[in-house]
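So the structure is just underneath, and the comments pick up after that.
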Number of protein chains: 2
Amino acid sequence: MTASVHPIRPRGRGSETTPSLNALLALAGPELASVNKVILDRMQSPVSLIPELAGHLIAGGGKRLRPMLTLACARLLDYAGTRHHKLAACVEFIHTATLLHDDVVDGSDLRRGRATANTVWGNPASVLVGDFLFSRSFELMVEDGSLRVLKILSHASAVIAEGEVAQLTAQRNVETTEDRYLEIISAKTAVLFSAACQIAAVVAERDASVEAALDAYGRNLGIAFQLVDDAIDYVSDAVTMGKDCGDDFRDGKVTLPVILAYARGGADERTFWRDAMQGRRSSDADLAHALELMRASRAIEDTLARARHYGTRAIDALARFPDSSARAALTETVEFAIARAY
Amino acid sequence: MTASVHPIRPRGRGSETTPSLNALLALAGPELASVNKVILDRMQSPVSLIPELAGHLIAGGGKRLRPMLTLACARLLDYAGTRHHKLAACVEFIHTATLLHDDVVDGSDLRRGRATANTVWGNPASVLVGDFLFSRSFELMVEDGSLRVLKILSHASAVIAEGEVAQLTAQRNVETTEDRYLEIISAKTAVLFSAACQIAAVVAERDASVEAALDAYGRNLGIAFQLVDDAIDYVSDAVTMGKDCGDDFRDGKVTLPVILAYARGGADERTFWRDAMQGRRSSDADLAHALELMRASRAIEDTLARARHYGTRAIDALARFPDSSARAALTETVEFAIARAY
């Protein structure tokens, strides 16, 4: 049953076998058009600033990864209906609302290589349009009418907000533990990946064990995804991420690469990391020194090793489902999430 | 049937018949303790900043007017259950989330005479804890399990956000019409008053005409309430409102007193109002001049006359219900809303 589950190995960039989202796009593309239609229809408002601002982010190069997960999981379960189109739009609305608020919270200027909405329209508009999208998402769920879906997504939303507050509390605190960090990324990122997958089991009317399997797939994929994002912040350039390398460093975000480098460092290095996270060492030279310490401590490699661990668990959670193009696409999505760092 | 409906007249401050919230408190007080227990229980989180920040606002002198409306409307309908305790808490959570975000949007320092949460904990924490309360509210609604309630409150939330964005768009635009202003306050304020009342009809399993009556009561009360608030900003001092007189003036909020004074003013006065709303006339002397123009144009009196109009409509919406202590309390609540200005 697990024979065809691929172990995840780092692959060279540009290799013929570099994993991509192509399989997921091929599988979910046609239905994604329906989801996009719901998104565009339902972000409208007579208050024109709402579709303008929301459209900037929604049309602005997002991968639609979460709604595609809903679509692919529904396909995995041979669900033949269309209820999940609206629900996939709900997931994207919640994600978009979160991004709008995140950019306000972080004071970010760039997202996906474009000016953030708060830069263009200001923080007040970003906060309020986020609130609108969030509310609209619940209106859409109510139209669908499944209390189970409402429970999953309202819980996910509360956990995301809790995770964001926890992250704010941990900010600049270099003593943040790996456990605490994992709790934070599980809450702020993985729970929506999980919910996106799990709701496919609800609309397909499958039992709790299927829900649990898709929850495990989404949760572990989400953790892997965030770990890789946090690693990339110390290796990428503006082209790769649509943001500058070292944003987390300058913002004093204590992510796993920092936690590992700090834990493995000597007294001087720990002092450096403490100062850096407190914002007292944030020059380009400081960032270069940070990267050097990470290389010496293998902090990035081991962050990515952790990501591969969660990625493998995600893929193993699919083992109960028979081979299919949906399972292959979901598997390659995990490999893609990991491979972004290489 | 309508014989006992009282017309609303302005009354002198300190008069023996000054309306108050006492009747509402007497009616709803015992059950309000249960609602407060739900609020306190459900704003908890292992992330301690959440109950700290939320508690600052929730414990900080709010009147609990909206949850008391839910309780009083349920009593009006002789509802004997307790489902509405949790739902009244939902309404208060949505209201609190809105206040947290409003204070960020407006950059407010004071609310109810105390430092705002954003002043104490910063804008990021206020945005995120607002999101948490909002999500938690939906979790509570899902626990109750009524799709009708979920529909009413998710719609209300979307309309509130839409109204707040519309208000942001109208800010500093002295050409805002009275119609537009009414749309904005109907959305940002009245819809939650309406929802708070309407959900009592849902839990009491009354028909659509009862829902419509309570919707009309809450909506008109909410409009009257906001009109009076907007008038008070030009007559009160910091003691009355817990904020300074003239906040709206300095923020360039085009409320009905301004709309009327502008419409009724000559060319010079219109230039003054335009400059003032654009932020070019915001000194104490400018505020004093604004108050003088409002006196000359009767802008405050007529704003309050509009409030009495909506207040009367709210009371008339109760005419279909037999005389009861609940109806008397709901009636006096309207009179209290109006009397705050005198």
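Going by the structure tokens order, chains are called A, B, ..., each with residues numbered from 1, while ligands are numbered from 1 in the order shown.
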
Selection near B:Val38, 10 Å with only C-alpha atoms, sequence-local residues under 3 positions removed, as a PyMOL selection string: chain B and resi 32-35+41-43+85-90+140

Counting only C-alpha atoms, which residues from chain A have an atom at most 7 Å from any atom of chain B, and could you show them as a ChimeraX atom specification? /A:47,105,124-125,128-129,131-132,135-136,138-139,142,145,147,150-151,154-155,157-158,161-162,164-166

Do you have the atom CA of B:Pro67-atom CA of B:Arg114 distance handy?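 Pair atom CA of B:Pro67 / atom CA of B:Arg114 returns 21.9 Å.
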
Stretch 228-233 of chain A environment, 7 Å, only C-alpha atoms, sequence neighbours closer than 3 positions dropped, as a list of chain:residue names: A:Ala224, A:Phe225, A:Ser236, A:Cys245, A:Gly246, A:Asp247, A:Asp248, A:Thr255, A:Pro257, A:Ile300, A:Thr303, A:Leu304, A:Ala307, A:Ile338, A:Ala341

Hey, can you check how far atom CA of A:Glu269 sits from atom CA of A:Ala290?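 We find that atom CA of A:Glu269 and atom CA of A:Ala290 lie 9.2 Å from each other.
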
Calculate how many Å separate atom CA of B:His84 from atom CA of B:Lys37, rounding to one decimal.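 Atom CA of B:Lys37 lies 13.0 Å from atom CA of B:His84.
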
Got a sec: who's within 8 Å of stretch 189-203 of chain B, counting only C-alpha atoms, leaving out chain neighbours fewer than 2 positions off, as a ChimeraX atom specification? /B:66-67,69-71,73-74,77,79,83-84,87-88,91,95,148-149,152-153,156-157,159-160,185-187,205-207,210-212,214-223,226

If we count only C-alpha atoms, what is near A:Thr333 at a cut-off of 12 Å, once residues fewer than 3 positions away on the same chain are taken out, given as number ranges by chain? A: 8, 18-25, 27, 63, 65-66, 68-69, 72-73, 217-218, 220-222, 224-225, 311-312, 314-315, 326-330, 336-340

Mind the document's chain letters and residue numbers, and return as a PyMOL selection string the residues of stretch 87-280 of chain B that DSSP labels strand (DSSP E or B). chain B and resi 110-111+114-115

I'd like the contact shell of B:Ala115 - 12 Å cut-off, only C-alpha atoms, skipping same-chain residues fewer than 2 positions apart - returned as an mmCIF file with N, CA and C atoms, in the first residue's frame.
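Resulting contents of around.cif:
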data_model
loop_
_atom_site.group_PDB
_atom_site.id
_atom_site.type_symbol
_atom_site.label_atom_id
_atom_site.label_comp_id
_atom_site.auth_asym_id
_atom_site.auth_seq_id
_atom_site.Cartn_x
_atom_site.Cartn_y
_atom_site.Cartn_z
ATOM 1 N N LEU B 53 -5.519 41.672 26.646
ATOM 2 C CA LEU B 53 -5.922 42.791 25.793
ATOM 3 C C LEU B 53 -7.446 42.843 25.654
ATOM 4 N N HIS B 56 -9.127 44.105 28.795
ATOM 5 C CA HIS B 56 -8.998 45.553 28.995
ATOM 6 C C HIS B 56 -10.227 46.268 28.435
ATOM 7 N N LEU B 57 -10.630 45.838 27.253
ATOM 8 C CA LEU B 57 -11.771 46.495 26.604
ATOM 9 C C LEU B 57 -13.098 45.932 27.121
ATOM 10 N N GLY B 60 -13.745 46.944 30.519
ATOM 11 C CA GLY B 60 -13.488 48.370 30.705
ATOM 12 C C GLY B 60 -14.682 49.285 30.562
ATOM 13 N N LEU B 100 -11.860 47.279 18.596
ATOM 14 C CA LEU B 100 -10.401 47.151 18.557
ATOM 15 C C LEU B 100 -9.868 47.630 17.212
ATOM 16 N N ASP B 103 -10.322 51.501 16.656
ATOM 17 C CA ASP B 103 -9.343 52.344 17.352
ATOM 18 C C ASP B 103 -8.006 52.333 16.620
ATOM 19 N N GLY B 107 -6.675 55.601 14.937
ATOM 20 C CA GLY B 107 -5.533 56.032 15.760
ATOM 21 C C GLY B 107 -5.981 56.650 17.078
ATOM 22 N N SER B 108 -7.055 56.089 17.665
ATOM 23 C CA SER B 108 -7.625 56.683 18.894
ATOM 24 C C SER B 108 -6.772 56.374 20.121
ATOM 25 N N ASP B 109 -6.735 57.346 21.025
ATOM 26 C CA ASP B 109 -5.992 57.182 22.275
ATOM 27 C C ASP B 109 -6.892 56.818 23.443
ATOM 28 N N LEU B 110 -8.121 57.277 23.377
ATOM 29 C CA LEU B 110 -9.044 57.111 24.498
ATOM 30 C C LEU B 110 -10.331 56.446 24.040
ATOM 31 N N ARG B 111 -10.850 55.541 24.881
ATOM 32 C CA ARG B 111 -12.194 55.002 24.687
ATOM 33 C C ARG B 111 -12.786 54.801 26.068
ATOM 34 N N ARG B 112 -13.993 55.297 26.251
ATOM 35 C CA ARG B 112 -14.656 55.205 27.558
ATOM 36 C C ARG B 112 -13.753 55.748 28.672
ATOM 37 N N GLY B 113 -12.984 56.788 28.340
ATOM 38 C CA GLY B 113 -12.170 57.444 29.356
ATOM 39 C C GLY B 113 -10.890 56.703 29.721
ATOM 40 N N ALA B 117 -6.676 49.983 23.673
ATOM 41 C CA ALA B 117 -5.797 48.801 23.655
ATOM 42 C C ALA B 117 -4.602 49.035 22.731
ATOM 43 N N ASN B 118 -4.838 49.715 21.603
ATOM 44 C CA ASN B 118 -3.716 49.958 20.680
ATOM 45 C C ASN B 118 -2.671 50.887 21.294
ATOM 46 N N THR B 119 -3.109 51.766 22.190
ATOM 47 C CA THR B 119 -2.143 52.623 22.876
ATOM 48 C C THR B 119 -1.289 51.792 23.838
ATOM 49 N N VAL B 120 -1.930 50.858 24.522
ATOM 50 C CA VAL B 120 -1.225 50.065 25.538
ATOM 51 C C VAL B 120 -0.400 48.946 24.900
ATOM 52 N N TRP B 121 -0.995 48.203 23.968
ATOM 53 C CA TRP B 121 -0.323 47.014 23.422
ATOM 54 C C TRP B 121 0.131 47.168 21.963
ATOM 55 N N GLY B 122 -0.209 48.278 21.334
ATOM 56 C CA GLY B 122 0.200 48.488 19.948
ATOM 57 C C GLY B 122 -0.846 48.034 18.945
ATOM 58 N N GLY B 242 -16.074 60.042 27.549
ATOM 59 C CA GLY B 242 -14.799 59.356 27.696
ATOM 60 C C GLY B 242 -13.897 59.696 26.518
ATOM 61 N N LYS B 243 -14.237 60.713 25.793
ATOM 62 C CA LYS B 243 -13.320 61.208 24.767
ATOM 63 C C LYS B 243 -13.521 62.712 24.638
#

Who sits within 12 Å of B:Asp286, only C-alpha atoms, same chain under 6 positions skipped, as JSON, numbers by chain: {"B": [246, 249, 250, 269, 272, 273, 275, 276, 277, 279, 280, 292, 293]}

Please identify the helix (DSSP H, G or I) residues within stretch 87-336 of chain B (assignment by DSSP from backbone atoms) and present them as number ranges by chain. B: 87-106, 117-121, 123-144, 147-170, 178-203, 208-232, 238-241, 247-251, 256-264, 267-277, 284-297, 299-317, 325-336
